[in-house]
$ cat coords_17.txt   # compact mmCIF, C-alpha atoms
# COMPACT_ATOMS: atom_id res chain seq x y z
CA ASN A 1 -73.93 -16.84 15.57
CA ASN A 2 -75.35 -18.17 12.29
CA LYS A 3 -77.92 -20.27 14.15
CA THR A 4 -79.31 -17.79 16.67
CA GLY A 5 -78.53 -14.57 14.85
CA CYS A 6 -76.82 -13.20 17.94
CA THR A 7 -73.67 -11.17 17.46
CA PHE A 8 -70.89 -10.28 19.77
CA THR A 9 -68.01 -7.97 19.20
CA LYS A 10 -64.76 -7.52 21.08
CA ASP A 11 -61.92 -5.16 20.51
CA VAL A 12 -58.55 -6.69 19.77
CA VAL A 13 -55.52 -4.59 20.51
CA VAL A 14 -52.60 -5.02 18.12
CA THR A 15 -49.31 -3.54 19.25
CA VAL A 16 -47.03 -2.42 16.44
CA ASN A 17 -43.46 -2.51 17.65
CA PRO A 18 -40.96 -0.21 15.98
CA LEU A 19 -38.07 -1.60 14.01
CA PRO A 20 -34.58 -1.14 15.42
CA ASP A 21 -32.79 2.04 14.44
CA ILE A 22 -29.00 2.13 14.59
CA LYS A 23 -26.09 3.83 12.85
CA VAL A 24 -23.31 1.80 11.25
CA THR A 25 -20.04 2.99 9.76
CA GLY A 26 -17.71 1.53 7.16
CA GLY A 27 -15.18 3.70 5.36
CA GLU A 28 -12.13 3.53 3.12
CA VAL A 29 -9.13 1.29 3.50
CA CYS A 30 -5.92 0.67 1.58
CA SER A 31 -5.48 -2.70 -0.10
CA GLY A 32 -4.00 -5.22 2.32
CA SER A 33 -5.09 -3.32 5.43
CA ALA A 34 -7.88 -3.88 7.94
CA ILE A 35 -10.76 -1.62 8.93
CA THR A 36 -13.16 -1.77 11.88
CA LEU A 37 -16.89 -1.61 11.24
CA THR A 38 -18.97 -0.08 14.02
CA ALA A 39 -22.60 -0.17 15.07
CA ASP A 40 -24.12 1.86 17.89
CA LYS A 41 -26.79 0.85 20.41
CA ALA A 42 -25.31 -2.57 21.03
CA ASN A 43 -26.59 -2.12 24.58
CA VAL A 44 -30.14 -1.83 23.22
CA TYR A 45 -30.19 -4.34 20.37
CA ASN A 46 -28.43 -7.56 19.56
CA ILE A 47 -26.03 -6.82 16.68
CA THR A 48 -24.82 -9.50 14.28
CA TRP A 49 -22.89 -9.09 11.02
CA LYS A 50 -23.30 -10.68 7.60
CA GLY A 51 -20.54 -11.01 5.03
CA LEU A 52 -17.57 -11.20 7.40
CA GLU A 53 -14.55 -13.16 6.20
CA THR A 54 -14.71 -15.10 9.49
CA LYS A 55 -18.08 -15.73 11.08
CA LYS A 56 -18.37 -14.29 14.58
CA GLU A 57 -21.01 -15.05 17.16
CA GLY A 58 -22.50 -12.87 19.84
CA ASN A 59 -23.52 -9.25 20.17
CA LEU A 60 -20.88 -7.29 18.27
CA ALA A 61 -20.69 -3.52 18.32
CA THR A 62 -17.58 -3.73 16.11
CA ALA A 63 -16.17 -6.10 13.50
CA THR A 64 -12.70 -5.95 11.94
CA VAL A 65 -12.46 -6.89 8.27
CA SER A 66 -9.76 -7.05 5.58
CA PRO A 67 -11.58 -7.02 2.23
CA THR A 68 -9.65 -7.53 -0.99
CA SER A 69 -12.14 -5.43 -2.95
CA SER A 70 -14.86 -2.90 -2.18
CA THR A 71 -17.55 -4.66 -0.18
CA THR A 72 -20.81 -3.92 1.61
CA TYR A 73 -21.33 -5.61 4.98
CA ILE A 74 -24.68 -5.98 6.75
CA ALA A 75 -25.31 -5.31 10.42
CA VAL A 76 -28.49 -6.95 11.69
CA ALA A 77 -30.04 -5.23 14.69
CA LYS A 78 -32.60 -7.29 16.62
CA ASN A 79 -34.83 -6.33 19.51
CA THR A 80 -34.70 -9.46 21.63
CA THR A 81 -37.94 -8.51 23.40
CA THR A 82 -40.12 -8.00 20.33
CA SER A 83 -38.05 -10.09 17.86
CA CYS A 84 -38.22 -7.18 15.41
CA GLU A 85 -35.05 -6.82 13.36
CA LYS A 86 -33.64 -4.71 10.55
CA ASP A 87 -30.61 -4.76 8.26
CA PHE A 88 -28.18 -1.85 7.99
CA SER A 89 -25.44 -1.50 5.38
CA ALA A 90 -21.79 -0.60 6.02
CA ALA A 91 -19.87 0.04 2.80
CA VAL A 92 -16.09 -0.36 2.63
CA THR A 93 -14.11 1.05 -0.29
CA VAL A 94 -10.74 -0.61 -0.95
CA ASN A 95 -8.22 1.78 -2.51
CA PRO A 96 -5.26 0.33 -4.45
CA LEU A 97 -1.67 0.84 -3.35
CA PRO A 98 0.63 2.94 -5.53
CA MET A 99 2.74 0.97 -8.01
CA PRO A 100 6.09 2.78 -7.93
CA GLN A 101 9.23 1.97 -9.82
CA ILE A 102 12.78 3.35 -9.80
CA ILE A 103 14.58 3.97 -13.08
CA GLN A 104 18.37 4.08 -12.82
CA LYS A 105 20.26 6.27 -15.24
CA GLY A 106 24.02 5.83 -15.38
CA ALA A 107 26.34 3.02 -14.30
CA ALA A 108 27.70 3.04 -10.75
CA CYS A 109 31.30 3.37 -11.90
CA VAL A 110 33.79 5.40 -9.88
CA GLY A 111 33.72 8.95 -11.20
CA ASN A 112 30.15 8.71 -12.47
CA THR A 113 26.96 10.22 -11.07
CA VAL A 114 24.00 7.85 -10.91
CA GLU A 115 20.47 9.22 -11.05
CA LEU A 116 17.46 7.39 -9.60
CA HIS A 117 14.19 8.58 -11.13
CA PRO A 118 10.89 7.68 -9.42
CA SER A 119 7.67 7.01 -11.28
CA VAL A 120 4.24 5.52 -10.57
CA LEU A 121 2.30 3.22 -12.88
CA ALA A 122 -1.02 4.95 -12.22
CA GLN A 123 -2.70 8.31 -12.47
CA GLY A 124 -2.99 10.54 -9.44
CA ASN A 125 -1.02 12.86 -7.20
CA PHE A 126 1.80 11.34 -5.20
CA THR A 127 4.52 12.39 -2.79
CA TYR A 128 7.99 10.86 -2.99
CA THR A 129 10.34 10.37 -0.05
CA TRP A 130 13.81 8.85 -0.31
CA LEU A 131 14.98 6.73 2.63
CA ASP A 132 18.22 5.02 3.51
CA ALA A 133 18.53 1.30 4.23
CA ASN A 134 17.40 1.91 7.82
CA GLY A 135 14.29 3.82 6.80
CA ASN A 136 15.64 7.28 7.65
CA GLN A 137 14.76 10.13 5.30
CA ILE A 138 17.58 11.23 2.99
CA THR A 139 18.35 14.89 2.38
CA SER A 140 20.87 16.50 0.04
CA GLY A 141 24.40 16.53 1.32
CA GLY A 142 27.85 15.16 0.53
CA ASP A 143 27.79 12.91 -2.52
CA ILE A 144 23.97 12.72 -2.53
CA SER A 145 21.58 15.33 -3.87
CA ILE A 146 17.82 15.37 -4.42
CA SER A 147 16.15 17.63 -6.95
CA ASN A 148 12.61 17.32 -8.34
CA ASN A 149 12.32 13.95 -6.58
CA VAL A 150 15.37 12.62 -8.48
CA LEU A 151 18.12 11.25 -6.24
CA SER A 152 21.68 11.65 -7.57
CA VAL A 153 24.65 9.75 -6.16
CA LYS A 154 28.23 10.65 -7.02
CA ILE A 155 30.30 7.48 -7.03
CA THR A 156 33.80 7.96 -5.61
CA GLU A 157 36.59 5.72 -4.35
CA ASN A 158 35.17 6.19 -0.84
CA THR A 159 31.65 5.15 -1.80
CA SER A 160 30.49 1.93 -0.16
CA ASP A 161 30.62 -1.09 -2.43
CA ASN A 162 26.91 -1.68 -1.89
CA LEU A 163 24.28 1.02 -1.42
CA SER A 164 20.59 0.57 -0.76
CA PHE A 165 17.91 3.22 -1.19
CA LYS A 166 14.20 3.09 -0.47
CA LEU A 167 11.46 5.09 -2.16
CA LYS A 168 8.25 5.78 -0.24
CA VAL A 169 5.31 6.83 -2.42
CA VAL A 170 2.05 8.15 -0.94
CA ASN A 171 -1.19 8.84 -2.80
CA THR A 172 -2.20 12.28 -1.54
CA LYS A 173 -5.92 11.55 -1.96
CA THR A 174 -6.26 8.09 -0.44
CA LEU A 175 -3.08 8.24 1.71
CA CYS A 176 -2.27 4.71 0.56
CA GLU A 177 1.46 4.17 0.41
CA LYS A 178 4.09 1.71 -0.73
CA THR A 179 7.86 1.53 -0.27
CA ILE A 180 10.26 -0.19 -2.66
CA THR A 181 14.03 -0.76 -2.53
CA HIS A 182 16.75 -0.15 -5.10
CA ASP A 183 20.28 -1.50 -4.63
CA LEU A 184 23.45 -0.07 -6.14
CA SER A 185 26.71 -1.97 -6.43
CA LYS A 186 29.81 0.13 -7.05
CA LEU A 187 31.69 -0.84 -10.20
CA THR A 188 35.46 -0.44 -10.07
CA LYS A 189 37.45 0.97 -12.95
CA PRO A 190 38.89 -1.74 -15.17
CA VAL A 191 42.66 -2.34 -14.91
CA ILE A 192 44.29 -2.85 -18.28
CA THR A 193 47.72 -4.48 -18.57
CA MET A 194 49.77 -4.26 -21.74
CA LEU A 195 51.54 -7.46 -22.68
CA GLY A 196 54.34 -7.83 -25.18
CA ASP A 197 57.53 -6.03 -26.18
CA ASN A 198 56.82 -2.34 -26.65
CA ASN A 199 60.40 -1.58 -27.64
CA ARG A 200 60.68 -1.67 -31.42
CA CYS A 201 63.32 -0.56 -33.83
CA ASN A 202 62.42 2.00 -36.46
CA ASP A 203 63.11 -0.44 -39.24
CA GLY A 204 59.61 -1.27 -40.41
CA THR A 205 59.39 -4.48 -38.38
CA GLU A 206 55.91 -5.23 -37.10
CA GLY A 207 55.25 -6.15 -33.50
CA THR A 208 52.23 -7.32 -31.44
CA ILE A 209 50.90 -5.72 -28.28
CA ARG A 210 48.14 -7.44 -26.32
CA LEU A 211 45.93 -5.79 -23.72
CA SER A 212 44.64 -7.79 -20.73
CA GLY A 213 41.85 -6.87 -18.29
CA GLY A 214 38.76 -4.75 -18.61
CA ASP A 215 36.29 -7.52 -17.62
$ encode --input "coords_17.txt" --output "structure tokens"
Amino acid sequence: NNKTGCTFTKDVVVTVNPLPDIKVTGGEVCSGSAITLTADKANVYNITWKGLETKKEGNLATATVSPTSSTTYIAVAKNTTTSCEKDFSAAVTVNPLPMPQIIQKGAACVGNTVELHPSVLAQGNFTYTWLDANGNQITSGGDISISNNVLSVKITENTSDNLSFKLKVVNTKTLCEKTITHDLSKLTKPVITMLGDNNRCNDGTEGTIRLSGGD
């Protein structure tokens, strides 16, 4: 007391509450797919998420997201008794899908063999699987053969007028995959008709022969 010179002391106890401690997981996902973020100890702390495409309320141990690019999400863990809270990061890496294409070599004329060559417009290691129109895997047999990932089709009179093949490409590192379709339409042999008089005398007289068809 400044007036009397008396002093008085009293101990003040300050309680330091620990910050929340949780584990969160993100991961890798293929472009266009969803992934579930997880946080443990949701029974101990109140968990909320920042950065979600759609805001969600309440205590969330998990959150499903579909990022279009690699993104870091934040899980906020709060002790509702002490009001202490802490942010935790969950990183999500978005891997691109393969960009396959099918190159056709040869016309689908009766008597020809058409080759379908797969390729991918990106670097990396890929697996190639040929499928029929119903999604069933194709193996060599009959008029179809597969060698070094190239599918060959022998076109005969009995070949269907319209064929459809699918190519499934998988990136062996990321396991991201994409399937594309290639259609083949059988081309019939042209029918050529000769018009005109093909009977000529051996007297030097000229004649005209016209051919029709072949469109």
$ residues_around --input "coords_17.txt" --residues "Thr64 in chain A" --least-positions-apart "5" --cutoff "10 Å" --atoms "only C-alpha atoms" --output "tab-separated table (two decimals) with C-alpha atoms, in the frame of the given file"
chain	number	residue	atom	x	y	z
A	34	ALA	CA	-7.88	-3.88	7.94
A	35	ILE	CA	-10.76	-1.62	8.93
A	36	THR	CA	-13.16	-1.77	11.88
A	37	LEU	CA	-16.89	-1.61	11.24
A	38	THR	CA	-18.97	-0.08	14.02
A	52	LEU	CA	-17.57	-11.20	7.40
A	53	GLU	CA	-14.55	-13.16	6.20
A	54	THR	CA	-14.71	-15.10	9.49
$ closest_residue --input "coords_17.txt" --among "A:Cys30, A:Ile146, A:Met99, A:Val76" --to "Val114 in chain A" --atoms "all atoms listed in the file"
A:Ile146
$ closest_residue --input "coords_17.txt" --among "A:Val170, A:Ala77, A:Val65, A:Ala107" --to "Leu184 in chain A" --atoms "only C-alpha atoms"
A:Ala107
$ closest_residue --input "coords_17.txt" --among "A:Leu187, A:Ile22, A:Cys176, A:Val29" --to "Cys109 in chain A" --atoms "all atoms listed in the file"
A:Leu187
$ closest_residue --input "coords_17.txt" --among "A:Ser33, A:Thr25, A:Thr4, A:Gln101" --to "Thr62 in chain A" --atoms "all atoms listed in the file"
A:Thr25
$ closest_residue --input "coords_17.txt" --among "A:Thr81, A:Asn162, A:Asn43, A:Ser145" --to "Thr113 in chain A" --atoms "all atoms listed in the file"
A:Ser145
$ residues_around --input "coords_17.txt" --residues "Val94 in chain A" --least-positions-apart "2" --cutoff "8 Å" --atoms "all atoms listed in the file" --output "PDB file with C-alpha atoms, keeping the file's coordinate frame"
ATOM      1  CA  GLU A  28     -12.130   3.530   3.120  1.00  0.00           C
ATOM      2  CA  VAL A  29      -9.130   1.290   3.500  1.00  0.00           C
ATOM      3  CA  CYS A  30      -5.920   0.670   1.580  1.00  0.00           C
ATOM      4  CA  SER A  31      -5.480  -2.700  -0.100  1.00  0.00           C
ATOM      5  CA  PRO A  67     -11.580  -7.020   2.230  1.00  0.00           C
ATOM      6  CA  THR A  68      -9.650  -7.530  -0.990  1.00  0.00           C
ATOM      7  CA  SER A  69     -12.140  -5.430  -2.950  1.00  0.00           C
ATOM      8  CA  SER A  70     -14.860  -2.900  -2.180  1.00  0.00           C
ATOM      9  CA  THR A  71     -17.550  -4.660  -0.180  1.00  0.00           C
ATOM     10  CA  VAL A  92     -16.090  -0.360   2.630  1.00  0.00           C
ATOM     11  CA  PRO A  96      -5.260   0.330  -4.450  1.00  0.00           C
TER      12      PRO A  96
END
$ atom_distance --input "coords_17.txt" --atom1 "CA of Thr72 in chain A" --atom2 "CA of Leu175 in chain A"
21.5 Å
$ atom_distance --input "coords_17.txt" --atom1 "CA of Asp161 in chain A" --atom2 "CA of Lys186 in chain A"
4.8 Å
$ closest_residue --input "coords_17.txt" --among "A:Ser119, A:Ser147, A:Thr156, A:Ser140" --to "Lys168 in chain A" --atoms "only C-alpha atoms"
A:Ser119
$ closest_atom_pairs --input "coords_17.txt" --of "range 69-160 of chain A" --to "range 179-183 of chain A" --cutoff "12 Å" --atoms "only C-alpha atoms" --output "CSV"
residue,atom,partner,partner_atom,distance
A:Leu97,CA,A:Thr179,CA,10.0
A:Pro98,CA,A:Thr179,CA,9.1
A:Met99,CA,A:Thr179,CA,9.3
A:Pro100,CA,A:Ile180,CA,7.3
A:Gln101,CA,A:Ile180,CA,7.5
A:Ile102,CA,A:His182,CA,7.1
A:Ile103,CA,A:His182,CA,9.2
A:Gln104,CA,A:His182,CA,9.0
A:Ala108,CA,A:Asp183,CA,10.6
A:Val114,CA,A:Asp183,CA,11.9
A:Glu115,CA,A:His182,CA,11.7
A:Leu116,CA,A:His182,CA,8.8
A:His117,CA,A:His182,CA,10.9
A:Pro118,CA,A:Ile180,CA,10.4
A:Ser119,CA,A:Ile180,CA,11.5
A:Val120,CA,A:Ile180,CA,11.5
A:Thr127,CA,A:Thr179,CA,11.6
A:Tyr128,CA,A:Thr179,CA,9.7
A:Thr129,CA,A:Thr179,CA,9.2
A:Trp130,CA,A:Thr179,CA,9.4
A:Leu131,CA,A:Thr181,CA,9.1
A:Asp132,CA,A:Thr181,CA,9.4
A:Ala133,CA,A:Thr181,CA,8.4
A:Asn134,CA,A:Thr181,CA,11.2
A:Gly135,CA,A:Thr179,CA,9.8
A:Leu151,CA,A:His182,CA,11.5
A:Ser160,CA,A:Asp183,CA,11.7
$ write_last_selection --input "coords_17.txt" --atoms "C-alpha atoms" --output "PDB file, in the frame of the given file"
ATOM      1  CA  LEU A  97      -1.670   0.840  -3.350  1.00  0.00           C
ATOM      2  CA  PRO A  98       0.630   2.940  -5.530  1.00  0.00           C
ATOM      3  CA  MET A  99       2.740   0.970  -8.010  1.00  0.00           C
ATOM      4  CA  PRO A 100       6.090   2.780  -7.930  1.00  0.00           C
ATOM      5  CA  GLN A 101       9.230   1.970  -9.820  1.00  0.00           C
ATOM      6  CA  ILE A 102      12.780   3.350  -9.800  1.00  0.00           C
ATOM      7  CA  ILE A 103      14.580   3.970 -13.080  1.00  0.00           C
ATOM      8  CA  GLN A 104      18.370   4.080 -12.820  1.00  0.00           C
ATOM      9  CA  ALA A 108      27.700   3.040 -10.750  1.00  0.00           C
ATOM     10  CA  VAL A 114      24.000   7.850 -10.910  1.00  0.00           C
ATOM     11  CA  GLU A 115      20.470   9.220 -11.050  1.00  0.00           C
ATOM     12  CA  LEU A 116      17.460   7.390  -9.600  1.00  0.00           C
ATOM     13  CA  HIS A 117      14.190   8.580 -11.130  1.00  0.00           C
ATOM     14  CA  PRO A 118      10.890   7.680  -9.420  1.00  0.00           C
ATOM     15  CA  SER A 119       7.670   7.010 -11.280  1.00  0.00           C
ATOM     16  CA  VAL A 120       4.240   5.520 -10.570  1.00  0.00           C
ATOM     17  CA  THR A 127       4.520  12.390  -2.790  1.00  0.00           C
ATOM     18  CA  TYR A 128       7.990  10.860  -2.990  1.00  0.00           C
ATOM     19  CA  THR A 129      10.340  10.370  -0.050  1.00  0.00           C
ATOM     20  CA  TRP A 130      13.810   8.850  -0.310  1.00  0.00           C
ATOM     21  CA  LEU A 131      14.980   6.730   2.630  1.00  0.00           C
ATOM     22  CA  ASP A 132      18.220   5.020   3.510  1.00  0.00           C
ATOM     23  CA  ALA A 133      18.530   1.300   4.230  1.00  0.00           C
ATOM     24  CA  ASN A 134      17.400   1.910   7.820  1.00  0.00           C
ATOM     25  CA  GLY A 135      14.290   3.820   6.800  1.00  0.00           C
ATOM     26  CA  LEU A 151      18.120  11.250  -6.240  1.00  0.00           C
ATOM     27  CA  SER A 160      30.490   1.930  -0.160  1.00  0.00           C
TER      28      SER A 160
END
$ residues_around --input "coords_17.txt" --residues "Glu85 in chain A" --least-positions-apart "6" --cutoff "10 Å" --atoms "all atoms listed in the file" --output "JSON, numbers by chain"
{"A": [18, 19, 20, 21, 45, 46, 47, 76, 77, 78, 79]}
$ decode --input "coords_17.txt" --residues "range 48-76 of chain A" --atoms "N, CA and C atoms" --output "short mmCIF file (atom, residue, chain, number, x, y, z; two decimals), in the first residue's frame"
data_model
loop_
_atom_site.label_atom_id
_atom_site.label_comp_id
_atom_site.auth_asym_id
_atom_site.auth_seq_id
_atom_site.Cartn_x
_atom_site.Cartn_y
_atom_site.Cartn_z
N THR A 48 -13.28 -29.84 -36.59
CA THR A 48 -13.88 -29.15 -37.74
C THR A 48 -12.83 -29.05 -38.83
N TRP A 49 -13.30 -28.85 -40.09
CA TRP A 49 -12.39 -28.84 -41.23
C TRP A 49 -12.46 -27.50 -41.95
N LYS A 50 -11.32 -27.04 -42.41
CA LYS A 50 -11.23 -25.84 -43.25
C LYS A 50 -10.84 -26.24 -44.67
N GLY A 51 -11.38 -25.53 -45.63
CA GLY A 51 -11.00 -25.75 -47.03
C GLY A 51 -11.85 -26.74 -47.78
N LEU A 52 -12.90 -27.27 -47.14
CA LEU A 52 -13.76 -28.23 -47.84
C LEU A 52 -14.54 -27.55 -48.95
N GLU A 53 -14.80 -28.30 -50.02
CA GLU A 53 -15.58 -27.74 -51.13
C GLU A 53 -16.98 -27.34 -50.66
N THR A 54 -17.54 -28.14 -49.74
CA THR A 54 -18.84 -27.84 -49.15
C THR A 54 -18.68 -27.77 -47.65
N LYS A 55 -19.06 -26.65 -47.06
CA LYS A 55 -18.89 -26.48 -45.62
C LYS A 55 -19.77 -27.46 -44.86
N LYS A 56 -19.20 -28.08 -43.85
CA LYS A 56 -19.93 -29.06 -43.05
C LYS A 56 -19.81 -28.67 -41.58
N GLU A 57 -20.92 -28.79 -40.89
CA GLU A 57 -20.97 -28.43 -39.48
C GLU A 57 -20.86 -29.68 -38.62
N GLY A 58 -20.52 -29.46 -37.35
CA GLY A 58 -20.51 -30.55 -36.39
C GLY A 58 -19.13 -31.15 -36.20
N ASN A 59 -19.07 -32.12 -35.32
CA ASN A 59 -17.83 -32.81 -35.00
C ASN A 59 -17.59 -33.90 -36.04
N LEU A 60 -16.58 -33.73 -36.87
CA LEU A 60 -16.39 -34.63 -38.01
C LEU A 60 -15.05 -35.37 -37.91
N ALA A 61 -15.14 -36.67 -37.71
CA ALA A 61 -13.92 -37.47 -37.71
C ALA A 61 -13.42 -37.70 -39.13
N THR A 62 -14.33 -37.60 -40.11
CA THR A 62 -13.96 -37.80 -41.51
C THR A 62 -14.60 -36.71 -42.37
N ALA A 63 -14.00 -36.48 -43.52
CA ALA A 63 -14.55 -35.54 -44.50
C ALA A 63 -14.16 -36.04 -45.89
N THR A 64 -15.14 -36.17 -46.77
CA THR A 64 -14.89 -36.63 -48.13
C THR A 64 -14.75 -35.44 -49.07
N VAL A 65 -13.68 -35.43 -49.85
CA VAL A 65 -13.39 -34.30 -50.73
C VAL A 65 -13.06 -34.81 -52.14
N SER A 66 -13.26 -33.93 -53.12
CA SER A 66 -12.94 -34.25 -54.52
C SER A 66 -12.17 -33.07 -55.12
N PRO A 67 -10.92 -32.90 -54.74
CA PRO A 67 -10.16 -31.75 -55.23
C PRO A 67 -9.80 -31.90 -56.71
N THR A 68 -9.70 -30.77 -57.39
CA THR A 68 -9.31 -30.79 -58.80
C THR A 68 -7.80 -30.64 -58.96
N SER A 69 -7.13 -30.24 -57.89
CA SER A 69 -5.68 -30.13 -57.89
C SER A 69 -5.19 -30.43 -56.48
N SER A 70 -3.89 -30.63 -56.35
CA SER A 70 -3.33 -30.97 -55.04
C SER A 70 -3.65 -29.86 -54.03
N THR A 71 -4.15 -30.26 -52.88
CA THR A 71 -4.68 -29.31 -51.90
C THR A 71 -4.32 -29.76 -50.49
N THR A 72 -4.15 -28.80 -49.61
CA THR A 72 -3.95 -29.09 -48.18
C THR A 72 -5.18 -28.62 -47.41
N TYR A 73 -5.79 -29.53 -46.68
CA TYR A 73 -6.95 -29.22 -45.85
C TYR A 73 -6.51 -29.12 -44.39
N ILE A 74 -7.28 -28.38 -43.60
CA ILE A 74 -6.94 -28.14 -42.20
C ILE A 74 -8.03 -28.73 -41.30
N ALA A 75 -7.58 -29.58 -40.37
CA ALA A 75 -8.47 -30.08 -39.33
C ALA A 75 -8.19 -29.28 -38.06
N VAL A 76 -9.23 -28.69 -37.50
CA VAL A 76 -9.09 -27.91 -36.26
C VAL A 76 -9.62 -28.75 -35.11
#
